[in-house]
>>> print(open('target09.txt').read())   # compact mmCIF, C-alpha atoms
# COMPACT_ATOMS: atom_id res chain seq x y z
CA MET A 285 66.91 127.28 151.14
CA ALA A 286 67.47 127.33 147.38
CA VAL A 287 64.67 129.89 147.02
CA VAL A 288 66.36 132.18 149.56
CA ALA A 289 69.74 131.84 147.80
CA THR A 290 68.13 132.59 144.44
CA GLY A 291 66.36 135.61 145.91
CA ILE A 292 69.59 136.96 147.42
CA ARG A 293 71.44 136.48 144.12
CA SER A 294 68.65 138.31 142.27
CA VAL A 295 68.73 141.24 144.69
CA LEU A 296 72.54 141.47 144.51
CA ARG A 297 72.47 141.30 140.71
CA ALA A 298 69.81 144.03 140.51
CA TYR A 299 71.66 146.20 143.03
CA GLY A 300 74.95 145.66 141.19
CA ASN A 301 73.33 146.76 137.92
CA VAL A 302 71.91 149.91 139.54
CA SER A 303 75.24 150.67 141.23
CA GLU A 304 77.16 150.18 138.01
CA ALA A 305 74.74 152.39 136.02
CA ASN A 306 74.44 155.10 138.71
CA PRO A 307 77.50 154.86 140.99
CA TRP A 308 77.34 158.41 142.38
CA SER A 309 73.66 158.45 143.34
CA THR A 310 73.79 154.87 144.65
CA ALA A 311 76.82 155.66 146.82
CA PHE A 312 75.16 158.82 148.16
CA ALA A 313 71.84 157.08 148.93
CA VAL A 314 73.36 154.01 150.59
CA CYS A 315 75.79 156.02 152.70
CA THR A 316 73.19 158.64 153.72
CA VAL A 317 70.91 155.91 155.07
CA LYS A 318 73.88 154.22 156.72
CA GLY A 319 74.93 157.48 158.42
CA ALA A 320 71.44 158.03 159.84
CA ILE A 321 71.20 154.44 161.08
CA ALA A 322 74.69 154.52 162.62
CA ASP A 323 74.05 157.70 164.59
CA GLY A 324 70.56 156.53 165.55
CA LEU A 325 72.09 153.35 166.98
CA ALA A 326 74.77 155.34 168.78
CA GLN A 327 72.16 157.58 170.38
CA THR A 328 69.62 154.90 171.30
CA VAL A 329 71.57 151.70 171.92
CA ILE A 330 74.96 152.94 173.11
CA GLU A 331 74.05 156.28 174.74
CA HIS A 332 70.64 154.98 175.97
CA HIS A 333 68.50 157.87 174.71
CA ALA A 334 64.82 157.16 174.10
CA VAL A 335 63.76 157.30 170.44
CA ASP A 336 61.88 160.54 171.08
CA GLU A 337 65.08 162.05 172.57
CA ILE A 338 67.19 161.51 169.43
CA ASP A 339 69.14 164.64 168.52
CA VAL A 340 67.66 165.09 165.06
CA LYS A 341 70.18 167.75 164.02
CA ARG A 342 73.09 165.48 164.94
CA ASN A 343 71.45 162.57 163.12
CA ALA A 344 70.87 164.64 159.99
CA LEU A 345 74.48 165.86 160.02
CA PHE A 346 75.78 162.30 160.29
CA ALA A 347 73.41 161.20 157.51
CA PHE A 348 74.54 163.99 155.18
CA TYR A 349 78.21 163.38 156.03
CA GLY A 350 77.59 159.73 155.22
CA GLY A 351 76.20 160.64 151.80
CA TRP A 352 78.66 163.25 150.62
CA TYR A 353 81.88 161.97 152.18
CA CYS A 354 81.39 158.25 152.70
CA GLY A 355 79.39 157.98 149.48
CA TRP A 356 80.61 160.50 146.91
CA ALA A 357 84.14 161.20 148.15
CA GLN A 358 84.98 157.58 148.85
CA HIS A 359 83.59 156.44 145.51
CA PHE A 360 85.89 159.00 143.92
CA VAL A 361 88.92 158.03 146.04
CA TYR A 362 88.54 154.25 146.10
CA ASN A 363 87.07 153.54 142.69
CA ILE A 364 88.61 156.31 140.56
CA VAL A 365 91.74 157.78 142.16
CA TYR A 366 93.12 154.51 143.55
CA THR A 367 92.43 152.78 140.23
CA ARG A 368 94.47 155.47 138.47
CA LEU A 369 97.27 155.39 141.05
CA PHE A 370 97.49 151.64 141.63
CA GLY A 371 95.67 150.00 138.72
CA THR A 372 92.85 147.47 138.81
CA SER A 373 94.77 144.44 140.11
CA THR A 374 93.16 142.71 143.07
CA SER A 375 96.38 140.98 144.10
CA ALA A 376 97.36 140.97 147.76
CA LEU A 377 100.41 143.11 146.99
CA ASN A 378 98.34 145.78 145.24
CA ALA A 379 95.77 145.72 148.06
CA VAL A 380 98.55 146.27 150.59
CA ARG A 381 99.79 149.24 148.56
CA LYS A 382 96.30 150.78 148.51
CA VAL A 383 95.72 150.13 152.22
CA ALA A 384 99.14 151.53 153.15
CA PHE A 385 98.49 154.72 151.17
CA ASP A 386 95.02 154.98 152.65
CA SER A 387 96.30 154.48 156.19
CA VAL A 388 99.29 156.81 155.98
CA VAL A 389 97.96 159.59 153.70
CA HIS A 390 94.23 159.56 153.00
CA VAL A 391 92.91 158.86 156.49
CA PRO A 392 95.10 161.01 158.78
CA PHE A 393 95.33 163.94 156.35
CA GLY A 394 91.97 163.68 154.56
CA VAL A 395 89.26 161.62 156.21
CA PHE A 396 89.66 162.72 159.82
CA PRO A 397 90.44 166.40 159.24
CA VAL A 398 87.35 166.66 157.01
CA TYR A 399 85.19 164.86 159.56
CA TYR A 400 86.36 166.95 162.52
CA ALA A 401 86.16 170.24 160.59
CA TYR A 402 82.64 169.35 159.38
CA LYS A 403 81.47 168.35 162.85
CA GLY A 404 83.20 171.33 164.51
CA LEU A 405 81.58 173.77 162.12
CA LEU A 406 78.07 172.35 161.87
CA TYR A 407 77.45 170.59 165.16
CA ASP A 408 79.85 171.40 167.99
CA GLY A 409 80.00 175.16 167.46
CA LEU A 410 83.81 175.02 167.49
CA GLY A 411 84.25 176.17 163.92
CA VAL A 412 86.64 174.56 161.46
CA VAL A 413 89.79 175.47 163.41
CA GLY A 414 88.27 174.28 166.69
CA GLY A 415 87.26 171.00 165.06
CA LEU A 416 90.79 170.53 163.74
CA ARG A 417 92.21 171.26 167.21
CA LYS A 418 89.91 168.60 168.61
CA TYR A 419 91.21 166.21 165.95
CA ALA A 420 94.79 167.01 166.96
CA ASP A 421 93.89 166.09 170.56
CA GLU A 422 92.09 162.86 169.61
CA ALA A 423 94.06 161.80 166.52
CA ARG A 424 96.18 159.08 168.12
CA ASP A 425 93.17 157.25 169.59
CA MET A 426 90.95 157.68 166.53
CA ILE A 427 93.64 156.53 164.10
CA ALA A 428 94.41 153.49 166.28
CA ARG A 429 90.70 152.57 166.27
CA TYR A 430 90.57 153.17 162.53
CA TYR A 431 93.48 150.80 161.88
CA MET A 432 91.88 148.01 163.93
CA VAL A 433 88.74 148.05 161.78
CA TRP A 434 89.75 149.42 158.40
CA VAL A 435 93.10 147.83 157.61
CA PRO A 436 91.58 144.32 157.49
CA ALA A 437 88.30 145.59 155.98
CA ASN A 438 90.10 147.43 153.18
CA LEU A 439 92.31 144.43 152.44
CA VAL A 440 89.06 142.53 151.79
CA THR A 441 87.67 145.51 149.83
CA PHE A 442 90.61 145.66 147.44
CA THR A 443 91.12 141.90 146.97
CA VAL A 444 87.66 140.31 146.98
CA VAL A 445 84.90 142.90 146.59
CA PRO A 446 83.96 143.83 142.99
CA THR A 447 84.21 147.57 142.27
CA ARG A 448 80.45 148.01 141.92
CA PHE A 449 79.94 146.63 145.45
CA ARG A 450 82.88 148.39 147.17
CA ILE A 451 81.02 151.40 148.54
CA THR A 452 78.19 149.18 149.80
CA PHE A 453 80.68 146.84 151.49
CA ILE A 454 82.46 149.82 153.00
CA ALA A 455 79.09 151.27 154.08
CA THR A 456 78.15 148.01 155.79
CA THR A 457 81.47 147.89 157.66
CA SER A 458 81.19 151.61 158.29
CA LEU A 459 77.82 151.19 160.00
CA GLY A 460 79.63 149.78 163.01
CA TRP A 461 82.54 152.20 162.62
CA LEU A 462 80.36 155.34 162.45
CA THR A 463 78.26 154.15 165.37
CA LEU A 464 81.40 153.88 167.49
CA SER A 465 82.84 157.14 166.09
CA SER A 466 79.63 158.98 166.92
CA PHE A 467 79.69 157.54 170.42
CA PHE A 468 83.37 158.32 171.09
CA THR A 469 83.40 161.81 169.55
CA HIS A 470 80.29 162.82 171.49
CA GLY A 471 81.86 161.87 174.82
CA GLY A 472 79.83 158.70 175.22
CA LEU A 473 82.31 156.93 177.47
CA GLY A 474 82.79 159.95 179.70
CA LYS A 475 79.03 160.50 179.95
CA SER A 476 78.38 156.83 180.72
CA ALA A 477 81.10 156.74 183.34
CA SER A 478 79.96 159.94 185.06
CA SER A 479 76.28 158.94 185.06
CA SER A 480 77.08 155.52 186.53
CA GLU A 481 79.14 157.15 189.29
CA GLU A 482 76.22 159.38 190.41
>>> encode(input="target09.txt", output="structure tokens")
Amino acid sequence: MAVVATGIRSVLRAYGNVSEANPWSTAFAVCTVKGAIADGLAQTVIEHHAVDEIDVKRNALFAFYGGWYCGWAQHFVYNIVYTRLFGTSTSALNAVRKVAFDSVVHVPFGVFPVYYAYKGLLYDGLGVVGGLRKYADEARDMIARYYMVWVPANLVTFTVVPTRFRITFIATTSLGWLTLSSFFTHGGLGKSASSSEE
């Protein structure tokens, strides 16, 4: 057991050093892989598609979104902008301030509009405006789901997780979140319900 613990500490130390030296490329790489895995799980495990039936275009779009938004943009927002706005304190009060700002400003007016516009333009064929209309229709449910997962996760992020591990922690939590988002925004529940009724 001590060998395993030593091995884990060595891997975390090495990863932390790489992340600290190359935060942008590390964030992009980790979150691109996470995006591909999340959508692959959504398609195979939740939507019950065979591996050879995976929508490769959809998977690639989720992977790229993972890299550029969940990796680059969130590194910029969480590790640079929030540090400038709220400082480096990891106190509970400061974490609550960051999470409140994130929940009231960043997510409803940044994260989701970008996601829906991206998906509407590049996957759904709705265009940017159509994607934003879809967001307007689904915003209440998506934001409620977001709060259930991300308010507690971000409180942990901003109080316990060292800066160099934040994007990786967020990516790990986000694996489950993106899997569910992919499922819900692709009509997974409706498709499952209608196919079970036939």
>>> residues_around(input="target09.txt", residues="Lys382 of chain A", least_positions_apart="6", cutoff="8 Å", atoms="only C-alpha atoms", output="PyMOL selection string")
chain A and resi 366+370+442
>>> closest_residue(input="target09.txt", among="A:Ile427, A:Ala347, A:Ala305, A:Val335", to="Asp323 of chain A", atoms="only C-alpha atoms")
A:Ala347
>>> closest_residue(input="target09.txt", among="A:Phe385, A:Val433, A:Leu369, A:Trp356", to="Leu459 of chain A", atoms="only C-alpha atoms")
A:Val433
>>> residues_around(input="target09.txt", residues="Asn378 of chain A", least_positions_apart="5", cutoff="10 Å", atoms="all atoms listed in the file", output="PyMOL selection string")
chain A and resi 370-373+383-384+439+442-443
>>> atom_distance(input="target09.txt", atom1="atom CA of Tyr407 of chain A", atom2="atom CA of Asp339 of chain A")
10.8 Å
>>> residues_around(input="target09.txt", residues="segment 449-451 of chain A", least_positions_apart="4", cutoff="10 Å", atoms="all atoms listed in the file", output="MDAnalysis selection string")
chainID A and resid 296 299:300 303:304 307 310:312 314:315 354:356 358:359 362:363 438 440:442 444:445 455:458
>>> write_last_selection(input="target09.txt", atoms="C-alpha atoms", output="mmCIF file, in the coordinates of the input")
data_model
loop_
_atom_site.group_PDB
_atom_site.id
_atom_site.type_symbol
_atom_site.label_atom_id
_atom_site.label_comp_id
_atom_site.auth_asym_id
_atom_site.auth_seq_id
_atom_site.Cartn_x
_atom_site.Cartn_y
_atom_site.Cartn_z
ATOM 1 C CA LEU A 296 72.540 141.470 144.510
ATOM 2 C CA TYR A 299 71.660 146.200 143.030
ATOM 3 C CA GLY A 300 74.950 145.660 141.190
ATOM 4 C CA SER A 303 75.240 150.670 141.230
ATOM 5 C CA GLU A 304 77.160 150.180 138.010
ATOM 6 C CA PRO A 307 77.500 154.860 140.990
ATOM 7 C CA THR A 310 73.790 154.870 144.650
ATOM 8 C CA ALA A 311 76.820 155.660 146.820
ATOM 9 C CA PHE A 312 75.160 158.820 148.160
ATOM 10 C CA VAL A 314 73.360 154.010 150.590
ATOM 11 C CA CYS A 315 75.790 156.020 152.700
ATOM 12 C CA CYS A 354 81.390 158.250 152.700
ATOM 13 C CA GLY A 355 79.390 157.980 149.480
ATOM 14 C CA TRP A 356 80.610 160.500 146.910
ATOM 15 C CA GLN A 358 84.980 157.580 148.850
ATOM 16 C CA HIS A 359 83.590 156.440 145.510
ATOM 17 C CA TYR A 362 88.540 154.250 146.100
ATOM 18 C CA ASN A 363 87.070 153.540 142.690
ATOM 19 C CA ASN A 438 90.100 147.430 153.180
ATOM 20 C CA VAL A 440 89.060 142.530 151.790
ATOM 21 C CA THR A 441 87.670 145.510 149.830
ATOM 22 C CA PHE A 442 90.610 145.660 147.440
ATOM 23 C CA VAL A 444 87.660 140.310 146.980
ATOM 24 C CA VAL A 445 84.900 142.900 146.590
ATOM 25 C CA ALA A 455 79.090 151.270 154.080
ATOM 26 C CA THR A 456 78.150 148.010 155.790
ATOM 27 C CA THR A 457 81.470 147.890 157.660
ATOM 28 C CA SER A 458 81.190 151.610 158.290
#
>>> atom_distance(input="target09.txt", atom1="atom CA of Arg417 of chain A", atom2="atom CA of Tyr349 of chain A")
19.6 Å
>>> closest_residue(input="target09.txt", among="A:Leu345, A:Gly411, A:Val329, A:Phe360", to="Trp308 of chain A", atoms="all atoms listed in the file")
A:Phe360
>>> residues_around(input="target09.txt", residues="Val398 of chain A", least_positions_apart="3", cutoff="12 Å", atoms="all atoms listed in the file", output="short mmCIF file (atom, residue, chain, number, x, y, z; two decimals) with C-alpha atoms, keeping the file's coordinate frame")
data_model
loop_
_atom_site.label_atom_id
_atom_site.label_comp_id
_atom_site.auth_asym_id
_atom_site.auth_seq_id
_atom_site.Cartn_x
_atom_site.Cartn_y
_atom_site.Cartn_z
CA TYR A 349 78.21 163.38 156.03
CA TRP A 352 78.66 163.25 150.62
CA TYR A 353 81.88 161.97 152.18
CA CYS A 354 81.39 158.25 152.70
CA ALA A 357 84.14 161.20 148.15
CA HIS A 390 94.23 159.56 153.00
CA VAL A 391 92.91 158.86 156.49
CA PRO A 392 95.10 161.01 158.78
CA PHE A 393 95.33 163.94 156.35
CA GLY A 394 91.97 163.68 154.56
CA VAL A 395 89.26 161.62 156.21
CA ALA A 401 86.16 170.24 160.59
CA TYR A 402 82.64 169.35 159.38
CA LYS A 403 81.47 168.35 162.85
CA GLY A 404 83.20 171.33 164.51
CA LEU A 405 81.58 173.77 162.12
CA LEU A 406 78.07 172.35 161.87
CA VAL A 412 86.64 174.56 161.46
CA VAL A 413 89.79 175.47 163.41
CA GLY A 415 87.26 171.00 165.06
CA LEU A 416 90.79 170.53 163.74
CA TYR A 419 91.21 166.21 165.95
#
>>> closest_residue(input="target09.txt", among="A:Pro446, A:Tyr400, A:Gly460, A:Ile454", to="Ile330 of chain A", atoms="only C-alpha atoms")
A:Gly460
>>> atom_distance(input="target09.txt", atom1="atom CA of Thr374 of chain A", atom2="atom CA of Pro436 of chain A")
14.6 Å
>>> closest_residue(input="target09.txt", among="A:Val295, A:Ile338, A:Ala376, A:Val317", to="Gly350 of chain A", atoms="only C-alpha atoms")
A:Val317
>>> closest_residue(input="target09.txt", among="A:Arg381, A:Asn343, A:Val435, A:Thr316", to="Thr328 of chain A", atoms="only C-alpha atoms")
A:Asn343
